[in-house]
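Student: Structure file run_11.cif, mmCIF, C-alpha atoms, is pasted below:
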```
data_query
loop_
_atom_site.label_atom_id
_atom_site.label_comp_id
_atom_site.auth_asym_id
_atom_site.auth_seq_id
_atom_site.Cartn_x
_atom_site.Cartn_y
_atom_site.Cartn_z
CA MET Y 1 0.60 27.66 9.91
CA THR Y 2 0.07 25.07 7.16
CA ARG Y 3 -1.16 21.46 7.13
CA ALA Y 4 -0.06 18.52 4.96
CA PHE Y 5 -2.01 15.45 3.84
CA LEU Y 6 0.13 12.67 2.34
CA VAL Y 7 -2.17 10.14 0.66
CA VAL Y 8 -0.86 6.83 -0.72
CA MET Y 9 -2.98 5.21 -3.42
CA ASP Y 10 -1.62 1.73 -2.74
CA SER Y 11 -0.19 0.14 -5.91
CA VAL Y 12 -1.27 2.85 -8.39
CA GLY Y 13 1.92 2.68 -10.42
CA ILE Y 14 2.50 4.53 -13.68
CA GLY Y 15 5.15 2.32 -15.30
CA GLY Y 16 8.66 2.94 -16.37
CA ALA Y 17 10.79 1.91 -13.37
CA PRO Y 18 14.38 1.94 -14.68
CA ASP Y 19 15.26 -1.25 -12.78
CA ALA Y 20 12.04 -3.19 -13.52
CA ASP Y 21 14.06 -5.91 -15.25
CA HIS Y 22 15.47 -6.90 -11.85
CA PHE Y 23 12.00 -7.64 -10.40
CA PHE Y 24 9.78 -10.51 -11.41
CA ASN Y 25 6.36 -12.12 -11.42
CA GLY Y 26 7.37 -15.75 -11.55
CA THR Y 27 10.07 -15.85 -14.21
CA VAL Y 28 8.76 -12.81 -16.10
CA PRO Y 29 10.48 -9.47 -15.42
CA ASP Y 30 8.31 -6.45 -14.63
CA THR Y 31 9.65 -4.57 -17.64
CA GLY Y 32 6.70 -2.92 -19.37
CA ALA Y 33 4.27 -3.17 -16.46
CA ASN Y 34 2.11 -0.05 -16.14
CA THR Y 35 -0.82 -0.23 -13.74
CA LEU Y 36 -2.55 3.03 -14.65
CA ALA Y 37 -1.92 3.06 -18.41
CA HIS Y 38 -2.95 -0.55 -18.90
CA ILE Y 39 -6.18 0.02 -16.96
CA ALA Y 40 -6.93 3.13 -19.03
CA GLN Y 41 -6.22 1.25 -22.25
CA ALA Y 42 -8.43 -1.68 -21.21
CA CYS Y 43 -11.28 0.68 -20.35
CA ALA Y 44 -10.98 2.47 -23.70
CA ASP Y 45 -11.00 -0.87 -25.52
CA GLY Y 46 -14.14 -2.10 -23.75
CA ARG Y 47 -12.23 -4.73 -21.73
CA ALA Y 48 -13.26 -3.38 -18.30
CA GLU Y 49 -17.05 -3.49 -18.41
CA ASP Y 50 -17.80 -5.53 -15.28
CA GLY Y 51 -19.67 -3.16 -12.94
CA ARG Y 52 -18.63 -0.06 -14.89
CA SER Y 53 -18.43 1.04 -18.52
CA GLY Y 54 -16.53 3.20 -20.96
CA PRO Y 55 -13.21 5.07 -20.84
CA LEU Y 56 -11.53 5.52 -17.46
CA HIS Y 57 -13.06 8.65 -15.90
CA LEU Y 58 -10.76 10.37 -13.39
CA PRO Y 59 -11.37 14.09 -13.89
CA HIS Y 60 -9.96 15.29 -10.56
CA LEU Y 61 -6.79 13.18 -10.59
CA ASP Y 62 -6.22 13.92 -14.25
CA ALA Y 63 -6.62 17.65 -13.64
CA LEU Y 64 -3.88 17.40 -11.00
CA GLY Y 65 -1.65 15.72 -13.59
CA LEU Y 66 -2.17 11.93 -13.44
CA GLY Y 67 -2.24 11.38 -17.20
CA ALA Y 68 0.68 13.73 -17.73
CA ALA Y 69 2.68 12.00 -14.97
CA THR Y 70 2.07 8.60 -16.54
CA ARG Y 71 3.26 9.84 -19.92
CA LEU Y 72 6.32 11.42 -18.30
CA ALA Y 73 7.22 8.18 -16.50
CA SER Y 74 6.70 5.78 -19.37
CA GLY Y 75 5.57 7.49 -22.54
CA ALA Y 76 2.50 5.25 -22.50
CA ASP Y 77 -0.82 6.24 -24.03
CA THR Y 78 -3.42 7.22 -21.41
CA PRO Y 79 -6.82 7.27 -23.16
CA GLY Y 80 -9.34 9.34 -21.22
CA LEU Y 81 -6.57 11.04 -19.22
CA ARG Y 82 -5.32 13.92 -21.32
CA ALA Y 83 -6.10 17.04 -19.26
CA GLU Y 84 -3.75 19.99 -19.07
CA PRO Y 85 -2.59 19.81 -15.43
CA THR Y 86 -3.75 22.50 -13.04
CA GLY Y 87 -1.82 21.04 -10.10
CA LEU Y 88 1.83 20.43 -9.35
CA TRP Y 89 2.79 17.07 -10.84
CA GLY Y 90 5.58 14.64 -11.61
CA CYS Y 91 6.69 11.05 -11.10
CA ALA Y 92 8.89 9.35 -8.52
CA ARG Y 93 11.09 6.27 -8.43
CA GLU Y 94 12.11 3.98 -5.58
CA HIS Y 95 15.67 2.87 -4.86
CA SER Y 96 15.11 0.35 -2.03
CA PRO Y 97 15.60 -3.32 -2.98
CA GLY Y 98 11.93 -4.25 -2.73
CA LYS Y 99 8.54 -3.61 -4.29
CA ASP Y 100 6.46 -4.17 -1.17
CA THR Y 101 4.59 -2.06 1.36
CA PRO Y 102 7.35 -1.35 3.93
CA SER Y 103 9.98 -0.59 1.29
CA GLY Y 104 7.74 1.90 -0.51
CA HIS Y 105 6.33 3.61 2.56
CA TRP Y 106 9.62 3.87 4.45
CA GLU Y 107 11.25 5.49 1.43
CA LEU Y 108 8.29 7.83 0.87
CA ALA Y 109 8.80 8.84 4.51
CA GLY Y 110 12.47 9.61 3.86
CA LEU Y 111 14.24 6.34 4.74
CA PRO Y 112 15.49 3.96 2.03
CA VAL Y 113 15.56 0.38 3.31
CA PRO Y 114 19.14 -0.24 4.54
CA TRP Y 115 19.15 -4.03 4.08
CA ASP Y 116 17.90 -6.82 1.85
CA TRP Y 117 14.62 -8.34 2.99
CA HIS Y 118 14.35 -12.09 3.59
CA TYR Y 119 12.00 -13.90 1.21
CA PHE Y 120 10.74 -17.45 1.61
CA PRO Y 121 11.30 -19.82 -1.33
CA ASP Y 122 8.37 -20.78 -3.55
CA THR Y 123 8.53 -24.39 -2.45
CA GLN Y 124 6.39 -26.61 -0.27
CA PRO Y 125 7.16 -26.46 2.54
CA ALA Y 126 8.17 -22.80 2.25
CA PHE Y 127 9.25 -22.33 5.87
CA PRO Y 128 12.17 -23.80 7.82
CA ALA Y 129 11.01 -26.64 10.06
CA ASP Y 130 12.00 -24.80 13.23
CA LEU Y 131 9.88 -21.79 12.22
CA SER Y 132 6.86 -24.00 11.53
CA ARG Y 133 7.31 -25.64 14.93
CA ALA Y 134 7.54 -22.22 16.57
CA ALA Y 135 4.34 -21.14 14.81
CA ALA Y 136 2.48 -24.23 16.02
CA GLU Y 137 3.79 -23.69 19.54
CA ALA Y 138 2.66 -20.05 19.48
CA ALA Y 139 -0.80 -21.22 18.38
CA GLY Y 140 -0.94 -24.03 20.95
CA THR Y 141 -1.53 -26.60 18.20
CA ASP Y 142 0.25 -29.71 16.95
CA GLY Y 143 0.97 -28.19 13.55
CA ILE Y 144 0.15 -25.59 10.92
CA LEU Y 145 -1.67 -25.67 7.60
CA GLY Y 146 -0.44 -24.14 4.37
CA ASP Y 147 3.33 -23.68 4.67
CA CYS Y 148 3.47 -22.38 1.09
CA HIS Y 149 3.18 -19.41 -1.25
CA ALA Y 150 -0.49 -18.61 -1.80
CA SER Y 151 -3.14 -16.03 -2.52
CA GLY Y 152 -4.82 -15.07 0.75
CA THR Y 153 -8.35 -15.50 -0.57
CA ALA Y 154 -7.54 -18.76 -2.36
CA ILE Y 155 -5.88 -20.40 0.62
CA ILE Y 156 -8.78 -19.77 3.00
CA ALA Y 157 -11.13 -21.18 0.37
CA ASP Y 158 -8.92 -24.26 0.05
CA LEU Y 159 -8.03 -24.81 3.72
CA GLY Y 160 -10.79 -23.04 5.67
CA ALA Y 161 -12.77 -26.22 6.31
CA GLU Y 162 -9.66 -28.11 7.44
CA HIS Y 163 -8.75 -25.19 9.69
CA LEU Y 164 -12.17 -25.43 11.38
CA ARG Y 165 -11.81 -29.19 11.74
CA THR Y 166 -8.25 -29.25 13.12
CA GLY Y 167 -7.95 -25.83 14.75
CA TRP Y 168 -4.54 -25.41 13.11
CA PRO Y 169 -3.65 -21.90 11.82
CA ILE Y 170 -3.11 -21.35 8.10
CA CYS Y 171 0.41 -19.99 7.53
CA TYR Y 172 1.53 -18.79 4.12
CA THR Y 173 3.71 -16.26 2.33
CA SER Y 174 4.00 -14.51 -1.03
CA ALA Y 175 6.59 -12.84 -3.22
CA ASP Y 176 6.76 -10.14 -0.51
CA SER Y 177 8.84 -10.45 2.65
CA VAL Y 178 5.90 -11.61 4.79
CA PHE Y 179 4.72 -14.39 7.09
CA GLN Y 180 0.91 -14.40 7.02
CA ILE Y 181 -1.41 -16.23 9.39
CA ALA Y 182 -5.07 -16.74 8.58
CA ALA Y 183 -7.51 -17.93 11.22
CA HIS Y 184 -11.25 -17.85 11.84
CA GLU Y 185 -12.21 -14.91 14.05
CA GLU Y 186 -14.79 -16.92 16.02
CA HIS Y 187 -13.51 -20.51 16.03
CA PHE Y 188 -9.82 -19.71 16.48
CA GLY Y 189 -10.34 -16.28 18.04
CA LEU Y 190 -9.13 -12.86 16.96
CA ASP Y 191 -7.23 -12.14 20.18
CA ARG Y 192 -5.52 -15.53 19.97
CA LEU Y 193 -4.50 -14.85 16.36
CA LEU Y 194 -3.07 -11.44 17.23
CA GLU Y 195 -1.16 -12.86 20.18
CA MET Y 196 0.28 -15.59 17.95
CA CYS Y 197 1.52 -12.95 15.51
CA ARG Y 198 2.87 -10.82 18.33
CA THR Y 199 4.81 -13.80 19.72
CA LEU Y 200 6.35 -14.75 16.36
CA ALA Y 201 7.15 -11.23 15.16
CA PRO Y 202 10.52 -10.76 16.95
CA ARG Y 203 11.84 -14.05 15.54
CA LEU Y 204 10.80 -13.15 12.01
CA HIS Y 205 12.01 -9.56 12.27
CA GLU Y 206 15.44 -10.89 13.29
CA MET Y 207 15.40 -12.85 10.02
CA LYS Y 208 14.61 -9.52 8.22
CA VAL Y 209 11.12 -10.67 7.27
CA GLY Y 210 9.35 -7.36 6.91
CA ARG Y 211 5.92 -8.19 8.31
CA VAL Y 212 3.95 -10.77 10.21
CA ILE Y 213 0.34 -10.28 9.13
CA ALA Y 214 -2.80 -11.45 10.94
CA ARG Y 215 -5.46 -12.35 8.36
CA PRO Y 216 -8.72 -13.05 10.24
CA PHE Y 217 -11.72 -14.39 8.36
CA VAL Y 218 -15.29 -15.49 8.99
CA GLY Y 219 -17.77 -17.79 7.30
CA THR Y 220 -18.52 -21.47 6.80
CA PRO Y 221 -17.52 -24.14 4.26
CA GLU Y 222 -21.09 -24.12 2.94
CA GLN Y 223 -21.43 -20.35 2.51
CA GLY Y 224 -17.76 -19.55 1.87
CA PHE Y 225 -15.15 -17.61 3.81
CA THR Y 226 -14.52 -13.86 3.82
CA ARG Y 227 -11.57 -11.93 5.24
CA THR Y 228 -12.51 -9.20 7.73
CA THR Y 229 -11.16 -5.69 8.20
CA ASN Y 230 -9.40 -6.71 11.44
CA ARG Y 231 -6.15 -7.41 9.61
CA LYS Y 232 -3.09 -6.28 11.58
CA ASP Y 233 0.50 -6.01 10.39
CA PHE Y 234 3.37 -6.52 12.83
CA ALA Y 235 6.14 -4.75 10.92
CA ILE Y 236 9.82 -4.20 11.62
CA PRO Y 237 10.15 -0.71 13.11
CA PRO Y 238 12.10 1.70 10.91
CA PRO Y 239 15.74 1.74 12.09
CA ALA Y 240 16.01 5.55 11.86
CA PRO Y 241 13.67 8.55 12.19
CA VAL Y 242 11.16 9.08 9.38
CA LEU Y 243 8.79 11.87 8.37
CA THR Y 244 6.34 11.11 11.17
CA ASN Y 245 9.15 11.40 13.73
CA TRP Y 246 10.44 14.63 12.17
CA ALA Y 247 7.00 16.18 12.60
CA GLN Y 248 6.28 14.83 16.06
CA ASP Y 249 9.72 15.75 17.40
CA VAL Y 250 9.03 19.45 16.79
CA GLY Y 251 5.61 19.29 18.41
CA ARG Y 252 3.40 18.71 15.37
CA ARG Y 253 0.39 16.41 15.59
CA VAL Y 254 0.57 13.32 13.33
CA HIS Y 255 -2.57 11.47 12.22
CA ALA Y 256 -2.37 8.02 10.59
CA VAL Y 257 -5.21 6.74 8.41
CA GLY Y 258 -5.36 3.08 7.39
CA LYS Y 259 -2.40 0.72 7.75
CA ILE Y 260 0.14 3.53 8.25
CA GLY Y 261 0.21 2.79 11.97
CA ASP Y 262 1.12 -0.85 11.32
CA ILE Y 263 3.73 -0.03 8.67
CA PHE Y 264 5.62 2.32 10.98
CA SER Y 265 4.93 0.41 14.21
CA MET Y 266 3.23 3.60 15.47
CA GLN Y 267 6.56 5.45 15.47
CA GLY Y 268 5.90 9.19 15.38
CA ILE Y 269 2.12 8.75 15.26
CA ASP Y 270 -0.28 10.44 17.68
CA ALA Y 271 -3.65 9.13 16.48
CA LEU Y 272 -4.74 6.23 14.28
CA ARG Y 273 -7.96 5.69 12.31
CA LYS Y 274 -8.64 2.38 10.54
CA GLY Y 275 -11.38 0.63 8.54
CA SER Y 276 -12.36 -0.17 4.97
CA ASP Y 277 -11.35 2.26 2.24
CA ALA Y 278 -14.84 3.78 2.36
CA GLU Y 279 -14.45 4.33 6.11
CA LEU Y 280 -10.92 5.68 5.62
CA MET Y 281 -12.23 8.23 3.15
CA ARG Y 282 -14.70 9.44 5.77
CA HIS Y 283 -11.84 9.66 8.28
CA LEU Y 284 -9.77 11.67 5.82
CA SER Y 285 -12.71 13.97 5.14
CA ASP Y 286 -13.19 14.50 8.87
CA LEU Y 287 -9.50 15.34 9.30
CA VAL Y 288 -9.76 18.08 6.67
CA ASP Y 289 -12.19 19.68 9.12
CA GLU Y 290 -10.53 18.62 12.37
CA ALA Y 291 -6.75 18.29 11.95
CA GLU Y 292 -4.74 20.87 13.84
CA GLU Y 293 -2.78 23.68 12.20
CA GLY Y 294 0.73 22.48 11.41
CA SER Y 295 -0.30 18.81 11.48
CA LEU Y 296 0.61 15.92 9.20
CA THR Y 297 -1.99 13.39 8.06
CA PHE Y 298 -0.53 10.25 6.46
CA ALA Y 299 -3.10 7.96 4.79
CA ASN Y 300 -3.05 4.71 2.84
CA PHE Y 301 -5.90 3.39 0.70
CA VAL Y 302 -5.11 -0.31 0.30
CA GLU Y 303 -8.02 -1.83 -1.61
CA PHE Y 304 -6.68 -0.97 -5.08
CA ASP Y 305 -3.92 -3.42 -4.20
CA SER Y 306 -5.54 -5.97 -1.93
CA LEU Y 307 -8.88 -6.43 -3.71
CA TYR Y 308 -8.04 -5.78 -7.36
CA GLY Y 309 -4.33 -5.67 -8.18
CA HIS Y 310 -3.34 -9.04 -6.72
CA ARG Y 311 -6.50 -10.61 -8.13
CA ARG Y 312 -5.77 -9.16 -11.59
CA ASP Y 313 -9.23 -7.59 -11.73
CA ILE Y 314 -9.04 -4.73 -14.22
CA SER Y 315 -12.71 -3.73 -13.97
CA GLY Y 316 -12.64 -3.74 -10.18
CA TYR Y 317 -9.46 -1.67 -10.11
CA ALA Y 318 -10.96 0.84 -12.58
CA SER Y 319 -14.12 1.14 -10.48
CA ALA Y 320 -12.05 1.72 -7.35
CA LEU Y 321 -10.06 4.46 -9.08
CA GLU Y 322 -13.25 6.18 -10.26
CA TRP Y 323 -14.73 6.02 -6.75
CA PHE Y 324 -11.52 7.43 -5.27
CA ASP Y 325 -11.46 10.25 -7.82
CA ARG Y 326 -14.98 11.35 -6.92
CA GLU Y 327 -14.27 11.27 -3.19
CA ILE Y 328 -10.85 12.93 -3.25
CA GLY Y 329 -12.19 15.67 -5.54
CA ALA Y 330 -14.76 16.62 -2.90
CA ILE Y 331 -12.07 16.62 -0.20
CA ILE Y 332 -9.66 18.78 -2.20
CA ALA Y 333 -12.45 21.30 -2.77
CA ARG Y 334 -12.68 21.78 1.02
CA LEU Y 335 -9.00 22.45 1.76
CA ARG Y 336 -8.10 25.48 3.82
CA PRO Y 337 -5.72 28.14 2.51
CA GLY Y 338 -2.19 26.89 3.14
CA ASP Y 339 -3.15 23.18 3.06
CA MET Y 340 -1.34 20.77 0.76
CA VAL Y 341 -2.50 17.33 -0.39
CA LEU Y 342 0.16 15.13 -2.00
CA LEU Y 343 -1.15 12.00 -3.73
CA THR Y 344 1.28 9.23 -4.61
CA ALA Y 345 1.75 5.43 -4.51
CA ASP Y 346 4.19 2.93 -3.02
CA HIS Y 347 4.67 0.51 -5.97
CA GLY Y 348 2.62 -0.92 -8.84
CA ASN Y 349 0.30 -3.90 -9.11
CA ASP Y 350 -0.67 -4.07 -12.78
CA PRO Y 351 -3.94 -6.04 -13.00
CA SER Y 352 -3.20 -6.85 -16.64
CA TRP Y 353 0.17 -8.43 -15.80
CA ILE Y 354 1.14 -12.06 -15.42
CA GLY Y 355 1.17 -13.55 -11.91
CA THR Y 356 -0.27 -12.05 -8.72
CA ASP Y 357 2.63 -10.03 -7.32
CA HIS Y 358 3.35 -6.30 -7.20
CA THR Y 359 5.06 -4.72 -10.20
CA ARG Y 360 8.15 -2.49 -10.02
CA GLU Y 361 6.96 0.88 -11.27
CA GLN Y 362 7.38 4.59 -10.88
CA VAL Y 363 4.53 6.36 -9.10
CA PRO Y 364 2.62 9.62 -9.55
CA VAL Y 365 3.30 12.78 -7.57
CA LEU Y 366 0.14 14.92 -7.64
CA ILE Y 367 -0.09 18.02 -5.45
CA ALA Y 368 -3.07 20.24 -4.67
CA GLY Y 369 -2.57 23.51 -2.84
CA ARG Y 370 0.83 24.51 -4.21
CA GLY Y 371 -0.09 25.93 -7.59
CA ALA Y 372 0.56 24.41 -11.00
CA GLY Y 373 3.68 23.15 -12.73
CA GLN Y 374 5.90 20.14 -13.30
CA VAL Y 375 8.32 18.85 -10.65
CA GLY Y 376 9.72 16.31 -13.11
CA ALA Y 377 11.15 12.91 -12.21
CA VAL Y 378 12.07 12.78 -8.52
CA ASN Y 379 12.93 10.20 -5.86
CA PHE Y 380 10.61 8.73 -3.22
CA THR Y 381 12.69 10.39 -0.49
CA ASP Y 382 12.12 13.78 -2.11
CA ILE Y 383 8.44 13.44 -1.20
CA ALA Y 384 9.25 13.36 2.53
CA ALA Y 385 11.61 16.30 2.16
CA SER Y 386 8.94 18.29 0.32
CA ILE Y 387 6.30 17.58 2.97
CA ALA Y 388 8.79 18.71 5.61
CA HIS Y 389 9.51 21.87 3.61
CA HIS Y 390 5.80 22.66 3.36
CA LEU Y 391 5.36 22.17 7.12
CA ASN Y 392 8.55 24.16 7.84
CA ILE Y 393 10.13 21.36 9.86
CA PRO Y 394 13.72 20.00 9.66
CA ALA Y 395 14.16 17.08 7.25
CA GLN Y 396 16.63 14.21 7.60
CA GLY Y 397 17.88 11.66 5.09
CA PRO Y 398 18.85 11.92 1.42
CA GLY Y 399 15.70 13.60 0.05
CA ARG Y 400 15.57 17.07 -1.45
CA SER Y 401 12.45 19.24 -1.59
CA PHE Y 402 11.00 19.94 -5.04
CA LEU Y 403 8.73 22.72 -3.74
#
```
Would you give me this structure, written as structure tokens?
Tutor:
Amino acid sequence: MTRAFLVVMDSVGIGGAPDADHFFNGTVPDTGANTLAHIAQACADGRAEDGRSGPLHLPHLDALGLGAATRLASGADTPGLRAEPTGLWGCAREHSPGKDTPSGHWELAGLPVPWDWHYFPDTQPAFPADLSRAAAEAAGTDGILGDCHASGTAIIADLGAEHLRTGWPICYTSADSVFQIAAHEEHFGLDRLLEMCRTLAPRLHEMKVGRVIARPFVGTPEQGFTRTTNRKDFAIPPPAPVLTNWAQDVGRRVHAVGKIGDIFSMQGIDALRKGSDAELMRHLSDLVDEAEEGSLTFANFVEFDSLYGHRRDISGYASALEWFDREIGAIIARLRPGDMVLLTADHGNDPSWIGTDHTREQVPVLIAGRGAGQVGAVNFTDIAASIAHHLNIPAQGPGRSFL
């Protein structure tokens, strides 16, 4: 019996989404955004020298076909990534009307989003008055702070001291369909923050807001504030079975690594492992040794997106890619006969682009364990169908296997 490891490199887009002109950062369409190519070009030009140096060095990903996939998707130059692929490779496009985490992951798991998400306007206040009152009531406070579009790190820097003084939670949103709540783990309390999110989630899900996100932080005004790894997403459950359900329903074990459990509201998931990306890589490595025959492991590595893409940090993003390449190369070398690793992404987040939002891009499809060759340009849902084909389980939805 075979095993499958589906690994999402969060936001590692490769450009060329056909409908990018319908998605925006501010008033600028995402046409021309290309996360991977623009990082590679910046590295080759000496514009990504903070903490690293030289051309982008991703020998394992490039050998699987990363450079070739980027050129297939967009025709863009990929300096430093010109290997002849030894893996199975291609690119994939999304059809759901969103460029956020749930949209990408649901569709990768075989389910295009069947509705339009609700987004809050970029005004201040951003939230309806009754929602702000409900948030304050859920927190047991007289009001909330924020009530605007903001960067998560910037808003705790700006409002952290006032939060400690008043005890009011910091509520904010972004270009994604999210309602985020930041609060100090010790002064406000982590359990209290999670309960606040849990209380508000049904109301926001009814509005078709994709996620309510707890954003705990620690620190002081004097020393600064830092977000912790105790983030938790309260997401709308998928309205139909997805890849994890397909596997579990026929008796296969499903392991989630990272925020996969939150994204799918634990539907179809037997075991969950969380932590920083470094900790998640150790979990993934352990699962190569420990995961049962016939099992599915579904992993997300978020820090490309959360630490570097949104902050438009090209050097940091390049460093994270090079770290990931080293680690995933060692894991691929330890696969058992019959194992398959499929590496992909859920959207783009071009750190060279204007604004701070995700970018609408195609994503790589890189496969180890199934020989070499090109799968061409496929759909996100085809990834779920191909995983199901490899595991010899029935697939549902519109996807078609490319294996």
Student: Report as a PyMOL selection string the full result of the PyMOL selection byres ((chain Y and resi 341-352) around 8) when it is applied to this structure.
Tutor: chain Y and resi 4-15+33-36+38-39+99-101+104-105+108+305+308-314+317+332+339-340+353-354+357-369
Student: Smallest atom-to-atom distance to Arg253 (chain Y): which of Y:Tyr119, Y:Leu391, Y:Phe234, Y:Arg165, using all atoms listed in the file?
Tutor: Y:Leu391
Student: Give me the residues within 10 Å of Met1 (chain Y) as a list in words, counting all atoms listed in the file and dropping any in the same chain fewer than 2 places off.
Tutor: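 So, after excluding close chain neighbours, the residues are Arg3, Glu292, Glu293, Gly294, Ser295, Pro337, Gly338, Asp339, His390, Leu391 and Asn392 of chain Y.
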Student: Please produce a file of the residues just selected, as a short mmCIF file (atom, residue, chain, number, x, y, z; two decimals), keeping the file's coordinate frame, where the atoms kept are C-alpha atoms.
Tutor:
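Result file follows (result21.cif):
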```cif
data_model
loop_
_atom_site.label_atom_id
_atom_site.label_comp_id
_atom_site.auth_asym_id
_atom_site.auth_seq_id
_atom_site.Cartn_x
_atom_site.Cartn_y
_atom_site.Cartn_z
CA ARG Y 3 -1.16 21.46 7.13
CA GLU Y 292 -4.74 20.87 13.84
CA GLU Y 293 -2.78 23.68 12.20
CA GLY Y 294 0.73 22.48 11.41
CA SER Y 295 -0.30 18.81 11.48
CA PRO Y 337 -5.72 28.14 2.51
CA GLY Y 338 -2.19 26.89 3.14
CA ASP Y 339 -3.15 23.18 3.06
CA HIS Y 390 5.80 22.66 3.36
CA LEU Y 391 5.36 22.17 7.12
CA ASN Y 392 8.55 24.16 7.84
#
```
Student: Report the distance between CA of Leu200 (chain Y) and CA of Gly140 (chain Y) in Å, rounded to one decimal place.
Tutor: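 Interatomic distance, CA of Leu200 (chain Y) to CA of Gly140 (chain Y): 12.7 Å.
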Student: Identify all residues satisfying the PyMOL selection byres ((chain Y and resi 233) around 6) in the given file; provide them as a PyMOL selection string.
Tutor: chain Y and resi 212-213+232+234-235+262
Student: Region 146-257 of chain Y near region 268-285 of chain Y within 10 Å: what's each residue's closest atom pair and its distance in Å to one decimal, counting all atoms listed in the file, ordered by chain then ascending residue number, as a Markdown table?
Tutor:
```
| residue | atom | partner | partner_atom | distance |
| --- | --- | --- | --- | --- |
| Y:Thr228 | CA | Y:Ser276 | CA | 9.4 |
| Y:Thr229 | CA | Y:Gly275 | CA | 6.3 |
| Y:Asn230 | CA | Y:Gly275 | CA | 8.1 |
| Y:Arg231 | CA | Y:Gly275 | CA | 9.7 |
| Y:Pro241 | CA | Y:Gly268 | CA | 8.4 |
| Y:Val242 | CA | Y:Gly268 | CA | 8.0 |
| Y:Leu243 | CA | Y:Gly268 | CA | 8.0 |
| Y:Thr244 | CA | Y:Gly268 | CA | 4.6 |
| Y:Asn245 | CA | Y:Gly268 | CA | 4.3 |
| Y:Trp246 | CA | Y:Gly268 | CA | 7.8 |
| Y:Ala247 | CA | Y:Gly268 | CA | 7.6 |
| Y:Gln248 | CA | Y:Gly268 | CA | 5.7 |
| Y:Asp249 | CA | Y:Gly268 | CA | 7.9 |
| Y:Arg252 | CA | Y:Asp270 | CA | 9.3 |
| Y:Arg253 | CA | Y:Asp270 | CA | 6.4 |
| Y:Val254 | CA | Y:Ile269 | CA | 5.2 |
| Y:His255 | CA | Y:Ala271 | CA | 5.0 |
| Y:Ala256 | CA | Y:Leu272 | CA | 4.7 |
| Y:Val257 | CA | Y:Arg273 | CA | 4.9 |
```
Student: Using only C-alpha atoms, determine which residues lie at most 10 Å from Ile236 (chain Y), disregarding the query and same-chain residues fewer than 3 positions distant; provide the list as an MDAnalysis selection string.
Tutor: chainID Y and resid 102 201:202 204:206 208:212 233 239 262:265
Student: To verify the selection step, state as a list in words which residues the PyMOL selection byres ((chain Y and resi 222) around 12) yields on this input.
Tutor: Ala157, Gly160, Ala161, Gly219, Thr220, Pro221, Gln223, Gly224 and Phe225 of chain Y
Student: Quick one: residues within 12 Å of Ala134 (chain Y), only C-alpha atoms counted, chain neighbours fewer than 3 positions away excluded, as a compact mmCIF listing (two decimals) with C-alpha atoms, in the frame of the given file?
Tutor:
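The new file around.txt reads:
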```txt
# COMPACT_ATOMS: atom_id res chain seq x y z
CA PHE Y 127 9.25 -22.33 5.87
CA PRO Y 128 12.17 -23.80 7.82
CA ALA Y 129 11.01 -26.64 10.06
CA ASP Y 130 12.00 -24.80 13.23
CA LEU Y 131 9.88 -21.79 12.22
CA GLU Y 137 3.79 -23.69 19.54
CA ALA Y 138 2.66 -20.05 19.48
CA ALA Y 139 -0.80 -21.22 18.38
CA GLY Y 140 -0.94 -24.03 20.95
CA THR Y 141 -1.53 -26.60 18.20
CA ASP Y 142 0.25 -29.71 16.95
CA GLY Y 143 0.97 -28.19 13.55
CA ILE Y 144 0.15 -25.59 10.92
CA CYS Y 171 0.41 -19.99 7.53
CA MET Y 196 0.28 -15.59 17.95
CA CYS Y 197 1.52 -12.95 15.51
CA THR Y 199 4.81 -13.80 19.72
CA LEU Y 200 6.35 -14.75 16.36
CA ALA Y 201 7.15 -11.23 15.16
CA PRO Y 202 10.52 -10.76 16.95
CA ARG Y 203 11.84 -14.05 15.54
CA LEU Y 204 10.80 -13.15 12.01
```
Student: Which residue is closest to Ser315 (chain Y)? Choose from Y:Asp77, Y:Asp382, Y:Asp19, Y:Asp50 and count only C-alpha atoms.
Tutor: Y:Asp50
Student: Just to confirm, what's the straight-line distance from CA of Asp62 (chain Y) to CA of Leu81 (chain Y) in Å (one decimal)?
Tutor: 5.8 Å
Student: To one decimal in Å, tell me the separation between CA of Leu64 (chain Y) and CA of Gly397 (chain Y).
Tutor: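 The value is 27.7 Å.
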Student: Return as lines of an AutoDock Vina configuration file the box centre and box size in Å, one decimal, for an axis-aligned box around all listed atoms of region 345-364 of chain Y padded by 3 Å per side.
Tutor:
```
center_x = 2.1
center_y = -2.0
center_z = -9.8
size_x = 18.1
size_y = 29.2
size_z = 19.6
```
Student: In terms of the shortest atom-to-atom distance over all atoms listed in the file, which of Y:Trp106, Y:Ala182, Y:Pro85, Y:Gly26 is closest to Pro121 (chain Y)?
Tutor: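 Smallest distance to Pro121 (chain Y) is found for Y:Gly26.
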Student: Using all atoms listed in the file, which of Y:Val218, Y:Ala333, Y:Ile170, Y:Leu111 sits nearest His60 (chain Y)?
Tutor: Y:Ala333
Student: Which residues are close to region 371-373 of chain Y, i.e. within 7 Å by all atoms listed in the file, leaving aside same-chain residues fewer than 3 positions away? Reply as an MDAnalysis selection string.
Tutor: chainID Y and resid 86:89
Student: Selected residues, C-alpha atoms, written as a short mmCIF file (atom, residue, chain, number, x, y, z; two decimals), keeping the file's coordinate frame, please.
Tutor:
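Now in part_39.cif:
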```
data_model
loop_
_atom_site.label_atom_id
_atom_site.label_comp_id
_atom_site.auth_asym_id
_atom_site.auth_seq_id
_atom_site.Cartn_x
_atom_site.Cartn_y
_atom_site.Cartn_z
CA THR Y 86 -3.75 22.50 -13.04
CA GLY Y 87 -1.82 21.04 -10.10
CA LEU Y 88 1.83 20.43 -9.35
CA TRP Y 89 2.79 17.07 -10.84
#
```
